[in-house]
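Raw contents of protein34.txt, compact mmCIF, C-alpha atoms:
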```txt
# COMPACT_ATOMS: atom_id res chain seq x y z
CA MET O 15 4.10 18.65 75.09
CA LYS O 16 4.03 19.63 71.43
CA LEU O 17 3.28 16.06 70.39
CA ASN O 18 0.37 15.83 72.83
CA LYS O 19 -1.05 19.08 71.50
CA GLU O 20 -0.84 17.82 67.91
CA ASN O 21 -2.54 14.56 68.85
CA GLY O 22 -5.26 16.52 70.63
CA MET O 23 -5.91 18.66 67.55
CA LYS O 24 -5.96 15.55 65.36
CA GLY O 25 -8.63 14.16 67.65
CA VAL O 26 -10.68 17.36 67.36
CA PHE O 27 -10.43 17.33 63.58
CA PHE O 28 -11.35 13.64 63.48
CA LEU O 29 -14.44 14.24 65.63
CA ALA O 30 -15.50 17.12 63.39
CA ALA O 31 -15.14 14.97 60.28
CA LEU O 32 -16.91 12.06 61.98
CA THR O 33 -19.81 14.34 62.96
CA SER O 34 -20.29 15.40 59.35
CA VAL O 35 -20.21 11.80 58.10
CA LEU O 36 -22.63 10.66 60.81
CA ALA O 37 -25.05 13.49 59.99
CA VAL O 38 -25.15 12.43 56.33
CA ALA O 39 -25.48 8.76 57.31
CA LEU O 40 -28.40 9.48 59.66
CA ILE O 41 -30.18 11.49 56.97
CA CYS O 42 -29.73 8.64 54.48
CA ILE O 43 -30.97 6.06 57.00
CA PHE O 44 -34.04 8.16 57.85
CA LEU O 45 -34.94 8.77 54.21
CA PHE O 46 -34.44 5.25 52.95
CA ALA O 47 -36.01 3.59 56.00
CA GLY O 48 -39.09 5.76 55.65
CA GLY O 49 -39.25 5.99 51.86
CA LEU O 50 -38.38 2.58 50.43
CA PRO O 51 -41.26 0.74 52.19
CA ALA O 52 -43.69 3.27 50.71
CA MET O 53 -42.28 2.68 47.24
CA ALA O 54 -42.74 -1.06 47.79
CA LYS O 55 -46.37 -0.62 48.88
CA ILE O 56 -47.27 1.76 46.05
CA GLY O 57 -45.12 0.07 43.44
CA PHE O 58 -41.90 1.61 42.17
CA GLY O 59 -43.22 2.14 38.66
CA ASP O 60 -46.55 3.53 39.85
CA PHE O 61 -44.77 5.88 42.24
CA ILE O 62 -42.10 7.22 39.88
CA PHE O 63 -44.08 7.23 36.64
CA GLY O 64 -47.63 7.62 37.94
CA ARG O 65 -49.35 10.81 36.78
CA LYS O 66 -51.98 11.20 39.47
CA TRP O 67 -51.34 12.47 42.99
CA LYS O 68 -54.52 11.99 44.99
CA PRO O 69 -53.69 10.97 48.56
CA GLY O 70 -57.36 10.64 49.45
CA ASN O 71 -57.69 7.90 46.83
CA ASN O 72 -54.31 6.31 47.64
CA MET O 73 -52.88 7.45 44.30
CA PHE O 74 -49.28 8.60 44.73
CA GLY O 75 -47.74 9.25 41.33
CA ILE O 76 -44.95 11.84 41.43
CA PHE O 77 -44.06 11.99 37.74
CA PRO O 78 -45.78 15.42 37.31
CA MET O 79 -43.67 16.77 40.19
CA ILE O 80 -40.49 15.26 38.74
CA MET O 81 -41.20 16.89 35.39
CA GLY O 82 -42.15 20.11 37.16
CA SER O 83 -38.77 20.20 38.91
CA VAL O 84 -36.93 19.38 35.67
CA CYS O 85 -38.82 21.99 33.62
CA VAL O 86 -38.53 24.79 36.18
CA THR O 87 -34.83 24.07 36.65
CA GLY O 88 -34.20 23.90 32.89
CA VAL O 89 -35.95 27.20 32.14
CA SER O 90 -34.23 28.92 35.06
CA LEU O 91 -30.86 27.78 33.71
CA ALA O 92 -31.74 29.00 30.22
CA ILE O 93 -32.45 32.42 31.72
CA GLY O 94 -29.79 32.59 34.41
CA VAL O 95 -26.70 30.95 32.89
CA PRO O 96 -26.13 33.49 30.05
CA ILE O 97 -26.63 36.39 32.47
CA ALA O 98 -24.27 34.83 35.01
CA LEU O 99 -21.66 34.04 32.36
CA PHE O 100 -21.60 37.56 30.95
CA THR O 101 -21.55 39.00 34.46
CA SER O 102 -18.57 36.86 35.42
CA MET O 103 -16.76 37.92 32.23
CA PHE O 104 -17.45 41.55 33.11
CA MET O 105 -16.27 41.09 36.69
CA ALA O 106 -13.07 39.32 35.63
CA PHE O 107 -11.99 41.42 32.64
CA TYR O 108 -14.02 44.60 32.18
CA CYS O 109 -15.13 45.87 35.59
CA PRO O 110 -13.37 49.11 36.68
CA LYS O 111 -11.54 48.72 39.97
CA ARG O 112 -13.48 51.54 41.60
CA ILE O 113 -16.80 49.69 41.28
CA TYR O 114 -15.54 46.10 41.49
CA ARG O 115 -15.92 45.92 45.27
CA LEU O 116 -19.44 47.31 45.03
CA CYS O 117 -20.44 44.74 42.41
CA GLN O 118 -18.81 41.92 44.35
CA ALA O 119 -20.57 43.00 47.55
CA ALA O 120 -23.92 43.07 45.74
CA ILE O 121 -23.38 39.55 44.37
CA ASN O 122 -22.36 38.26 47.80
CA LEU O 123 -25.44 39.91 49.30
CA MET O 124 -27.63 38.12 46.75
CA ALA O 125 -26.15 34.81 47.89
CA GLY O 126 -27.08 35.58 51.50
CA VAL O 127 -30.67 36.72 50.94
CA PRO O 128 -33.13 34.14 52.39
CA SER O 129 -35.19 32.27 49.83
CA ILE O 130 -38.42 33.47 51.42
CA VAL O 131 -37.43 37.03 50.51
CA TYR O 132 -37.00 36.01 46.88
CA GLY O 133 -40.42 34.40 47.13
CA PHE O 134 -41.97 37.63 48.42
CA PHE O 135 -40.23 39.53 45.63
CA GLY O 136 -41.70 37.19 43.04
CA LEU O 137 -45.14 37.20 44.64
CA VAL O 138 -45.38 40.98 44.98
CA LEU O 139 -43.66 42.08 41.76
CA ILE O 140 -43.25 39.31 39.17
CA VAL O 141 -46.62 37.55 39.63
CA PRO O 142 -48.70 40.75 39.16
CA THR O 143 -46.50 41.75 36.20
CA MET O 144 -47.06 38.39 34.52
CA ASN O 145 -50.75 38.70 35.28
CA ARG O 146 -50.95 42.05 33.48
CA LEU O 147 -48.85 40.86 30.52
CA THR O 148 -50.71 37.58 29.94
CA GLY O 149 -54.17 38.31 31.30
CA LYS O 150 -53.97 35.05 33.26
CA ASP O 151 -52.87 33.91 36.68
CA GLY O 152 -49.26 35.02 37.11
CA SER O 153 -48.28 32.04 39.30
CA THR O 154 -46.73 29.95 36.54
CA MET O 155 -43.71 27.90 35.56
CA LEU O 156 -42.16 30.95 33.91
CA THR O 157 -42.56 33.05 37.06
CA ALA O 158 -40.96 30.36 39.21
CA SER O 159 -38.14 30.01 36.66
CA ILE O 160 -37.43 33.76 36.70
CA VAL O 161 -37.23 33.77 40.50
CA LEU O 162 -34.92 30.73 40.48
CA ALA O 163 -32.77 32.28 37.74
CA ILE O 164 -32.19 35.28 40.01
CA MET O 165 -31.40 33.01 42.96
CA ILE O 166 -28.76 30.93 41.15
CA LEU O 167 -26.90 33.94 39.74
CA PRO O 168 -24.45 34.46 42.65
CA THR O 169 -23.52 30.75 42.79
CA ILE O 170 -22.65 30.57 39.10
CA ILE O 171 -21.04 34.01 38.93
CA ALA O 172 -18.67 33.34 41.83
CA GLN O 173 -17.54 29.96 40.49
CA ALA O 174 -17.22 31.17 36.89
CA GLU O 175 -15.26 34.30 37.83
CA THR O 176 -12.82 32.28 39.92
CA SER O 177 -12.30 29.86 37.05
CA LEU O 178 -11.78 32.64 34.51
CA ARG O 179 -9.21 34.37 36.72
CA SER O 180 -7.32 31.10 37.19
CA VAL O 181 -6.58 30.80 33.45
CA PRO O 182 -2.90 31.78 32.86
CA ASP O 183 -2.41 35.25 31.37
CA SER O 184 -0.31 33.70 28.61
CA TYR O 185 -3.46 32.27 27.00
CA TYR O 186 -5.01 35.71 26.64
CA GLU O 187 -1.79 37.47 25.69
CA GLY O 188 -0.92 34.80 23.12
CA ALA O 189 -4.31 35.21 21.44
CA LEU O 190 -3.85 38.96 21.29
CA ALA O 191 -0.36 38.49 19.83
CA LEU O 192 -1.85 36.37 17.05
CA GLY O 193 -4.17 39.22 16.07
CA ALA O 194 -7.39 38.28 17.86
CA THR O 195 -9.55 41.01 19.34
CA LYS O 196 -10.04 41.21 23.09
CA GLU O 197 -13.55 39.76 22.87
CA ARG O 198 -12.47 36.90 20.61
CA SER O 199 -9.52 36.14 22.88
CA LEU O 200 -11.79 35.93 25.89
CA PHE O 201 -14.61 33.90 24.35
CA ALA O 202 -12.53 31.67 22.06
CA VAL O 203 -9.49 31.04 24.27
CA VAL O 204 -9.96 32.00 27.93
CA LEU O 205 -13.55 30.78 28.34
CA PRO O 206 -12.89 27.30 26.84
CA ALA O 207 -9.83 27.00 29.09
CA ALA O 208 -12.05 27.66 32.13
CA ARG O 209 -14.90 25.41 30.97
CA SER O 210 -14.54 22.82 33.75
CA GLY O 211 -14.94 25.42 36.47
CA VAL O 212 -17.76 27.18 34.64
CA ILE O 213 -19.64 23.91 34.17
CA ALA O 214 -19.10 23.09 37.84
CA GLY O 215 -20.71 26.44 38.71
CA VAL O 216 -23.67 25.64 36.47
CA VAL O 217 -24.07 22.23 38.12
CA LEU O 218 -24.02 23.87 41.55
CA GLY O 219 -26.69 26.24 40.27
CA ILE O 220 -28.74 23.22 39.23
CA GLY O 221 -28.42 21.85 42.75
CA ARG O 222 -29.66 25.15 44.18
CA ALA O 223 -32.59 25.27 41.76
CA VAL O 224 -33.65 21.65 42.28
CA GLY O 225 -33.55 21.97 46.07
CA GLU O 226 -35.32 25.32 46.35
CA THR O 227 -38.67 25.20 48.15
CA MET O 228 -40.25 28.30 49.65
CA ALA O 229 -39.72 30.69 46.75
CA VAL O 230 -41.16 28.13 44.31
CA VAL O 231 -44.15 27.37 46.55
CA MET O 232 -45.07 31.05 46.56
CA VAL O 233 -45.01 31.67 42.81
CA ALA O 234 -45.37 28.38 40.88
CA GLY O 235 -49.12 27.80 41.16
CA ASN O 236 -48.67 24.31 42.67
CA GLN O 237 -51.00 22.30 40.42
CA THR O 238 -50.40 18.56 40.58
CA TRP O 239 -50.80 17.87 36.86
CA MET O 240 -48.20 17.44 34.16
CA PRO O 241 -46.47 20.67 33.05
CA SER O 242 -48.27 21.93 29.96
CA GLY O 243 -46.60 25.25 29.19
CA LEU O 244 -44.59 28.15 30.52
CA LEU O 245 -47.76 30.03 31.48
CA LYS O 246 -49.28 27.14 33.42
CA GLY O 247 -48.83 26.31 37.07
CA VAL O 248 -46.59 23.46 38.22
CA ARG O 249 -45.61 21.72 41.43
CA THR O 250 -42.05 20.64 42.15
CA LEU O 251 -40.84 17.79 44.36
CA THR O 252 -39.80 20.11 47.17
CA ALA O 253 -43.07 22.03 47.03
CA ASN O 254 -45.03 18.79 47.18
CA ILE O 255 -43.25 17.77 50.39
CA VAL O 256 -43.52 21.08 52.21
CA MET O 257 -47.18 21.69 51.31
CA GLU O 258 -48.52 18.34 52.55
CA MET O 259 -46.15 17.06 55.22
CA GLY O 260 -47.87 19.07 57.96
CA TYR O 261 -51.08 17.05 57.80
CA ALA O 262 -49.97 13.80 56.10
CA THR O 263 -50.36 10.47 57.92
CA ASP O 264 -49.70 6.78 57.27
CA LEU O 265 -49.00 5.94 53.62
CA HIS O 266 -49.38 9.59 52.57
CA ARG O 267 -46.58 10.62 54.92
CA GLU O 268 -44.42 7.71 53.78
CA ALA O 269 -44.98 8.70 50.15
CA LEU O 270 -43.76 12.22 50.92
CA ILE O 271 -40.64 10.78 52.54
CA ALA O 272 -40.18 8.63 49.44
CA THR O 273 -40.41 11.83 47.41
CA GLY O 274 -37.49 13.05 49.50
CA VAL O 275 -35.58 9.91 48.51
CA VAL O 276 -36.04 10.77 44.83
CA LEU O 277 -34.94 14.34 45.49
CA PHE O 278 -31.94 13.07 47.43
CA ALA O 279 -31.01 10.89 44.46
CA PHE O 280 -31.12 13.95 42.20
CA ILE O 281 -28.84 15.92 44.50
CA LEU O 282 -26.49 12.93 44.85
CA VAL O 283 -26.13 12.70 41.08
CA ILE O 284 -25.44 16.44 40.88
CA ASN O 285 -22.73 16.19 43.56
CA LEU O 286 -21.13 13.26 41.74
CA VAL O 287 -21.05 15.33 38.55
CA VAL O 288 -19.38 18.21 40.41
CA SER O 289 -16.77 15.84 41.84
CA MET O 290 -16.02 14.41 38.41
CA LEU O 291 -15.69 17.89 36.91
CA ASN O 292 -13.37 19.02 39.72
CA ARG O 293 -11.22 15.91 39.27
CA ARG O 294 -11.06 16.54 35.53
CA SER O 295 -10.10 20.19 36.13
CA ILE O 296 -7.24 19.12 38.41
CA HIS O 297 -5.89 16.68 35.82
CA GLU O 298 -6.09 19.36 33.12
```
Can the structure from this file be put into structure tokens for me?
Amino acid sequence: MKLNKENGMKGVFFLAALTSVLAVALICIFLFAGGLPAMAKIGFGDFIFGRKWKPGNNMFGIFPMIMGSVCVTGVSLAIGVPIALFTSMFMAFYCPKRIYRLCQAAINLMAGVPSIVYGFFGLVLIVPTMNRLTGKDGSTMLTASIVLAIMILPTIIAQAETSLRSVPDSYYEGALALGATKERSLFAVVLPAARSGVIAGVVLGIGRAVGETMAVVMVAGNQTWMPSGLLKGVRTLTANIVMEMGYATDLHREALIATGVVLFAFILVINLVVSMLNRRSIHE
């Protein structure tokens, strides 16, 4: 009886795992079957490195959107990573116990807020503020980067705090015994020891930033030209897909699916980096 029950549970677990694998496989088949023919028709070089996106003229160059995604993600990381790192250090080593649960609950709540809410926040508060400060349209790369920086905070904070807490106490105590201050012990000894986990958190934040759609659509300006400054509008890969898929047909629709293939490749590379970092952390 016990053996039959174990075999039954193994079957359930196998079906669950198989469902996950099949879901990923079907997504890959759909993307590549719909996207690769479009790349062949347009020309791989013209599609990836072309600088003009004019579907009405059969011009499908996504290089401005690729650079828009890279620039917005890079600026958001420059803003969000230092804040997340210092917050995780505070949570792990400085936060009083009586407010730790409150801070942790707030961070967890940030992770659960829908992206459309962040988009409304940026549209109603950050865009008008940028408009007043610059005297120009507030829907810019910088605005989108600020919104994304806020969105990636809980992902990086949670991963970084866990990594910092996993460092053996002997590292910190040994540094103190050698005469280092608390701050120097944390930043010169504990933080480097947790670098693999911290970097993994940053990479996960990159994945969140690259894949974000609705919040960016609402605040980025969505111009299809090459990024030309922090105070200029941009369009990302995800924004390009969601804004035009509703009315796209024929080659235009296939080009948008091909854009999804490029985005999928980005996310795949990010996941491979996370796996390599996790493997390295285990060996260390």
- prompt: Within 10 Å of Met73 (chain O), counting all atoms listed in the file, which residues qualify if same-chain residues fewer than 6 places away don't, as a ChimeraX atom specification?
  reply: /O:56,60-61,64-67,266,269
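Shortest separation to Phe46 (chain O) among O:Met257, O:Ala279, O:Ala158, O:Ile121 occurs at residue O:Ala279, atoms counted being all atoms listed in the file.
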Starting from 6 Å padding per side, set up an axis-aligned box that covers all listed atoms of region 233-244 of chain O and hand over centre and edge lengths in Å, one decimal, as JSON.
```
{"center_x": -47.8, "center_y": 24.6, "center_z": 36.0, "size_x": 18.4, "size_y": 26.2, "size_z": 25.6}
```
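When all atoms listed in the file are used to compute distances to Val161 (chain O), the closest of the residues O:Met228, O:Leu265, O:Met81, O:Ile62 turns out to be O:Met228.
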field: For region 209-220 of chain O: contacts at 10 Å, all atoms listed in the file, fewer than 4 positions along chain excluded, given as an NGL selection string
entry: :O and (84 or 87-88 or 90-91 or 94-95 or 98-99 or 102 or 162-163 or 165-178 or 180 or 204-205 or 224-226 or 281 or 284-285 or 287-296 or 298)
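Of the listed residues O:Phe201, O:Tyr108, O:Phe77, O:Phe280, the one whose atoms come nearest to Asn254 (chain O) is O:Phe77, with distances taken using all atoms listed in the file.
Proximity ranking of O:Val248, O:Glu268, O:Ile140, O:Leu192 relative to Ala54 (chain O) places O:Glu268 first, based on only C-alpha atoms.
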Quick one: residues within 8 Å of Gly235 (chain O), all atoms listed in the file, excluding same-chain residues fewer than 6 positions away - as a PDB file with C-alpha atoms, keeping the file's coordinate frame?
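Written output follows (selection08.pdb):
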```pdb
ATOM      1  CA  SER O 153     -48.280  32.040  39.300  1.00  0.00           C
ATOM      2  CA  THR O 154     -46.730  29.950  36.540  1.00  0.00           C
ATOM      3  CA  MET O 155     -43.710  27.900  35.560  1.00  0.00           C
ATOM      4  CA  LYS O 246     -49.280  27.140  33.420  1.00  0.00           C
ATOM      5  CA  GLY O 247     -48.830  26.310  37.070  1.00  0.00           C
ATOM      6  CA  VAL O 248     -46.590  23.460  38.220  1.00  0.00           C
ATOM      7  CA  ARG O 249     -45.610  21.720  41.430  1.00  0.00           C
TER       8      ARG O 249
END
```
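When CA of Gly243 (chain O) is paired with CA of Leu156 (chain O), their separation reads 8.6 Å.
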